[in-house]
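Shown next, in structure tokens, is the structure this report addresses.
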Amino acid sequence: MTETKKIGNYRYRILALLMFATTINYFDRSLMGIMSPDLIEWFGWTKKDYAYIVMIFQAFYAIGLISMGGIIDKLGTKKGYILAIGTWSVFGMLHAAVGRGFSFIGFAIARAGLGFGEAGNFPAAIKTTAEWFPKKDRAFATGLFNAATSLGAIAAPFVIGGIVFWTGGDKGMGELKNWQIPFLITGGLSALWVFLWLRTYKKPEKHPKLSKEELEYINSDSTEESDAKLSWAKVFPKRQTWAFSLAKITDAVWWFYLFWGAIFLSENFGVKIKEMGLPFLVIYLIADAGSIFGGWLSGSFMRKGWPVNKARKLTLLICAIIILPVCFVAFTESKWVAIVLISLGAAGHQAWSANIFTLVSDVFPKKATASVVGIGGMVGALAGLVSNLILGSVLDEASKTGFFWAFLVAGSLYIIILGLVHLLMPKMTPMDENLNLIKE
């Protein structure tokens, strides 16, 4: 604490804005998943229809990641972030204009734009973290703003539960009222964020409110970089890019929790829309703890003098072991045992995410960070798209069988992926600004 007071802590104001943006991002993203059992009923969709709409979101999220990463590296974090949040907010509010007569097409268009815009959040946030935090603190900082995904996902079921309801009694009777309002809330939150971002953000070396001591601390384990841009073609072929991209395949599991969790609880345990708040509160609070713990743990190992490679990968192994019990979710007949197991999986995933995001800034120069995060995020989104295509078809035929295989994969995938990442990148040797390995 003494060191923090001496050098200043303006970087944490920037981190707070990253957390706020990520909260808005996941609140917006979670709305459809939480309301999915009722939207399916109200609009008359099959599970395959719902899966197609989710897949459209993921396809445009993948396109957005591959595009937004490069755009943010070129425009810079300040302008790039505003472009991303402006895009997703407009399309998020567009959901509210969809009528029952063209619900599938309307939601498909709205989800496409939402996915493309939301894709900018993580490339921009990871790039900002690389600019504002030294390597030894980045996993913890990433863990903090990554935890905000859970804050948004926690808020969504409570807002929906307090606003959305069926007239005439139970689901399927009367009319689904006020389902549009949650989609409109993010517009006001996003406008507030843009105002704060414009007032607060500049690069550290140009920020008038940053002390000389804090700037020196931020750059204490970084090498100086030129302003010359790296071409996307130089980043794409690197084995390190694909090691990160392999690790991001696990995003398919997070998409599964996000978009199918409410359907699983509804169909297997009879949980209604107004009762979703408590289960998701438990799941995402534990996920938050996992995100912060995972970021802290690898940083703690590094502060003890461990090399980055050992600290990050041992933390990832611990995460993978914590996630394994998720395999047994489909076997339990207890709602709360299922919720606790999913919570462990979500916590392990968030701890895993905090560390794999940091792999990028550990190895790549800052100027390439958003592009690499975008490429890896695209791979993760495509993995989610394929899994949704399979899952939507299987669940229409046999829900229990589909969920059995989904949770089996969700529990075992991480440890397999970690082995492949280690084969591709046995040593996390950092690269210079021209993407040449730095000799130790």
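Letters A, B, ... mark the chains of the structure tokens in the order given; residue numbers begin at 1 per chain; ligand numbers begin at 1, in order shown.
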For stretch 3-68 of chain A versus stretch 268-272 of chain A, which residues have an atom no more than 12 Å away, and what is each residue's nearest atom pair and distance in Å rounded to one decimal, using only C-alpha atoms, chain-then-number order, as a tab-separated table?
residue	atom	partner	partner_atom	distance
A:Ile34	CA	A:Lys272	CA	10.2
A:Met35	CA	A:Lys272	CA	9.9
A:Ser36	CA	A:Lys272	CA	11.0
A:Pro37	CA	A:Lys272	CA	8.5
A:Asp38	CA	A:Lys272	CA	9.0
Excluding A:Met431 and residues on its chain fewer than 4 positions from it, collect all residues at most 8 Å away from it, counting only C-alpha atoms, and give them as a ChimeraX atom specification.
/A:363-365,435-438
Which residues come within 9 Å of A:Met19, counting only C-alpha atoms, excluding same-chain residues fewer than 5 positions away, as a short mmCIF file (atom, residue, chain, number, x, y, z; two decimals) with all heavy atoms, in the first residue's frame?
data_model
loop_
_atom_site.label_atom_id
_atom_site.label_comp_id
_atom_site.auth_asym_id
_atom_site.auth_seq_id
_atom_site.Cartn_x
_atom_site.Cartn_y
_atom_site.Cartn_z
N ILE A 14 -8.65 4.40 -14.79
CA ILE A 14 -8.81 3.82 -16.13
C ILE A 14 -9.39 2.42 -16.01
O ILE A 14 -10.31 2.04 -16.76
CB ILE A 14 -7.46 3.79 -16.87
CG1 ILE A 14 -6.85 5.19 -16.96
CG2 ILE A 14 -7.62 3.15 -18.24
CD1 ILE A 14 -7.66 6.18 -17.76
N ILE A 24 -21.54 -3.07 -18.78
CA ILE A 24 -22.57 -2.73 -19.78
C ILE A 24 -22.60 -3.78 -20.88
O ILE A 24 -23.67 -4.25 -21.30
CB ILE A 24 -22.30 -1.34 -20.39
CG1 ILE A 24 -22.35 -0.25 -19.32
CG2 ILE A 24 -23.32 -1.03 -21.49
CD1 ILE A 24 -21.82 1.10 -19.79
N ALA A 125 -9.98 -3.30 -24.16
CA ALA A 125 -9.66 -3.36 -22.74
C ALA A 125 -8.29 -3.98 -22.49
O ALA A 125 -7.53 -3.50 -21.62
CB ALA A 125 -10.75 -4.17 -22.01
N LEU A 144 -9.77 -8.16 -12.65
CA LEU A 144 -10.75 -7.22 -12.12
C LEU A 144 -11.75 -6.79 -13.18
O LEU A 144 -12.97 -6.84 -12.97
CB LEU A 144 -10.06 -6.00 -11.52
CG LEU A 144 -9.38 -6.21 -10.16
CD1 LEU A 144 -8.58 -4.97 -9.77
CD2 LEU A 144 -10.41 -6.52 -9.08
N PHE A 145 -11.26 -6.36 -14.38
CA PHE A 145 -12.25 -5.92 -15.36
C PHE A 145 -12.99 -7.11 -15.97
O PHE A 145 -14.15 -7.00 -16.35
CB PHE A 145 -11.63 -5.01 -16.43
CG PHE A 145 -10.95 -5.67 -17.59
CD1 PHE A 145 -11.68 -6.33 -18.57
CD2 PHE A 145 -9.58 -5.59 -17.74
CE1 PHE A 145 -11.05 -6.92 -19.64
CE2 PHE A 145 -8.95 -6.17 -18.83
CZ PHE A 145 -9.69 -6.84 -19.77
N ASN A 146 -12.32 -8.28 -16.02
CA ASN A 146 -13.01 -9.48 -16.50
C ASN A 146 -14.11 -9.90 -15.54
O ASN A 146 -15.14 -10.46 -15.96
CB ASN A 146 -11.99 -10.61 -16.68
CG ASN A 146 -12.56 -11.78 -17.46
OD1 ASN A 146 -13.15 -11.61 -18.52
ND2 ASN A 146 -12.38 -12.98 -16.94
N ALA A 147 -13.93 -9.60 -14.24
CA ALA A 147 -14.97 -9.91 -13.25
C ALA A 147 -16.24 -9.11 -13.52
O ALA A 147 -17.33 -9.51 -13.13
CB ALA A 147 -14.45 -9.62 -11.84
N ALA A 148 -16.09 -7.97 -14.19
CA ALA A 148 -17.26 -7.14 -14.51
C ALA A 148 -18.21 -7.83 -15.48
O ALA A 148 -19.38 -7.45 -15.57
CB ALA A 148 -16.82 -5.79 -15.06
N THR A 149 -17.72 -8.84 -16.22
CA THR A 149 -18.64 -9.62 -17.05
C THR A 149 -19.73 -10.23 -16.18
O THR A 149 -20.90 -10.29 -16.56
CB THR A 149 -17.91 -10.74 -17.81
OG1 THR A 149 -17.30 -11.64 -16.88
CG2 THR A 149 -16.85 -10.17 -18.73
#
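Nearest-residue note for A:Trp352: choosing from A:Glu175, A:Glu118, A:Asp73, A:Asp251, the minimum distance belongs to A:Asp251, counting only C-alpha atoms.
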Just asking: which residues within stretch 59-266 of chain A are helix (DSSP H, G or I) according to DSSP, as a PyMOL selection string?
chain A and resi 59-75+77-97+100-118+121-132+135-163+181-200+204-206+212-218+232-235+239-266
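The residue set within 10 Å of stretch 416-424 of chain A, counting only C-alpha atoms and dropping same-chain residues fewer than 4 places from it, reads Arg239, Gln240, Thr241, Trp242, Ala243, Phe244, Ser245, Leu246, Ala247, Lys248, Ile249, Thr250, Asn309, Lys313, Leu316, Leu317, Ala320, Ser412 and Met428 of chain A.
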Atom CA of A:Cys319 to atom CA of A:Lys304, straight-line distance in Å
19.9 Å
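Using only C-alpha atoms, the smallest distance between any of A:Val54, A:Ala84, A:Met378, A:Val235 and A:Phe107 comes from A:Val54.
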With distances taken over only C-alpha atoms, which of A:Trp405, A:Phe195, A:Val253, A:Leu395 is nearest to A:Phe331?
A:Trp405
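Checking A:Ile109, A:Leu184, A:Leu39, A:Ala191 one by one against A:Ile85, counting only C-alpha atoms, you find the shortest gap at A:Ala191.
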Can you tell me which residues surround A:Leu278 at a distance of at most 12 Å, considering only C-alpha atoms, apart from same-chain residues fewer than 2 positions away, and format the answer as a list in words?
Ala153, Ile154, Ala155, Ala156, Pro157, Phe158, Gly161, Ala262, Leu265, Val271, Lys272, Ile273, Lys274, Glu275, Met276, Phe280, Leu281, Val282, Ile283, Tyr284, Leu285, Lys335, Trp336 and Ile339 of chain A
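Residues within 7 Å of A:Gly348, counting only C-alpha atoms and excluding same-chain residues fewer than 2 positions away, are A:Gly290, A:Cys319, A:Ala320, A:Ile322, A:Ile323, A:Leu344, A:Gly345, A:Ala346, A:Gln350, A:Ala351, A:Trp352.
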Export N, CA, C and O atoms of the chosen residues as a PDB file, in the first residue's frame?
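What follows is the written file out19.pdb:
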ATOM      1  N   GLY A 290     -13.525 -16.092  -8.837  1.00  0.00           N
ATOM      2  CA  GLY A 290     -12.557 -16.847  -9.620  1.00  0.00           C
ATOM      3  C   GLY A 290     -11.709 -15.947 -10.496  1.00  0.00           C
ATOM      4  O   GLY A 290     -10.485 -16.123 -10.597  1.00  0.00           O
ATOM      5  N   CYS A 319      -6.756 -23.895 -12.710  1.00  0.00           N
ATOM      6  CA  CYS A 319      -8.089 -23.553 -13.228  1.00  0.00           C
ATOM      7  C   CYS A 319      -8.747 -24.763 -13.883  1.00  0.00           C
ATOM      8  O   CYS A 319      -9.937 -25.058 -13.655  1.00  0.00           O
ATOM      9  N   ALA A 320      -7.985 -25.473 -14.728  1.00  0.00           N
ATOM     10  CA  ALA A 320      -8.532 -26.624 -15.450  1.00  0.00           C
ATOM     11  C   ALA A 320      -8.987 -27.717 -14.491  1.00  0.00           C
ATOM     12  O   ALA A 320     -10.019 -28.375 -14.717  1.00  0.00           O
ATOM     13  N   ILE A 322     -10.003 -27.233 -11.331  1.00  0.00           N
ATOM     14  CA  ILE A 322     -11.211 -26.738 -10.644  1.00  0.00           C
ATOM     15  C   ILE A 322     -12.455 -26.951 -11.506  1.00  0.00           C
ATOM     16  O   ILE A 322     -13.551 -27.229 -10.995  1.00  0.00           O
ATOM     17  N   ILE A 323     -12.300 -26.860 -12.829  1.00  0.00           N
ATOM     18  CA  ILE A 323     -13.441 -26.942 -13.755  1.00  0.00           C
ATOM     19  C   ILE A 323     -13.917 -28.371 -13.969  1.00  0.00           C
ATOM     20  O   ILE A 323     -15.101 -28.594 -14.290  1.00  0.00           O
ATOM     21  N   LEU A 344     -18.593 -23.423 -10.012  1.00  0.00           N
ATOM     22  CA  LEU A 344     -17.172 -23.780 -10.020  1.00  0.00           C
ATOM     23  C   LEU A 344     -16.595 -23.679 -11.430  1.00  0.00           C
ATOM     24  O   LEU A 344     -15.496 -23.169 -11.633  1.00  0.00           O
ATOM     25  N   GLY A 345     -17.383 -24.173 -12.398  1.00  0.00           N
ATOM     26  CA  GLY A 345     -16.940 -24.090 -13.784  1.00  0.00           C
ATOM     27  C   GLY A 345     -16.792 -22.659 -14.248  1.00  0.00           C
ATOM     28  O   GLY A 345     -15.817 -22.296 -14.922  1.00  0.00           O
ATOM     29  N   ALA A 346     -17.752 -21.817 -13.877  1.00  0.00           N
ATOM     30  CA  ALA A 346     -17.709 -20.408 -14.262  1.00  0.00           C
ATOM     31  C   ALA A 346     -16.533 -19.696 -13.589  1.00  0.00           C
ATOM     32  O   ALA A 346     -15.846 -18.869 -14.212  1.00  0.00           O
ATOM     33  N   GLN A 350     -13.366 -17.999 -15.587  1.00  0.00           N
ATOM     34  CA  GLN A 350     -12.979 -16.588 -15.467  1.00  0.00           C
ATOM     35  C   GLN A 350     -11.537 -16.429 -15.007  1.00  0.00           C
ATOM     36  O   GLN A 350     -10.834 -15.518 -15.448  1.00  0.00           O
ATOM     37  N   ALA A 351     -11.093 -17.315 -14.115  1.00  0.00           N
ATOM     38  CA  ALA A 351      -9.684 -17.296 -13.713  1.00  0.00           C
ATOM     39  C   ALA A 351      -8.800 -17.644 -14.913  1.00  0.00           C
ATOM     40  O   ALA A 351      -7.740 -17.034 -15.138  1.00  0.00           O
ATOM     41  N   TRP A 352      -9.218 -18.636 -15.678  1.00  0.00           N
ATOM     42  CA  TRP A 352      -8.530 -19.036 -16.915  1.00  0.00           C
ATOM     43  C   TRP A 352      -8.463 -17.843 -17.883  1.00  0.00           C
ATOM     44  O   TRP A 352      -7.401 -17.543 -18.434  1.00  0.00           O
TER      45      TRP A 352
END
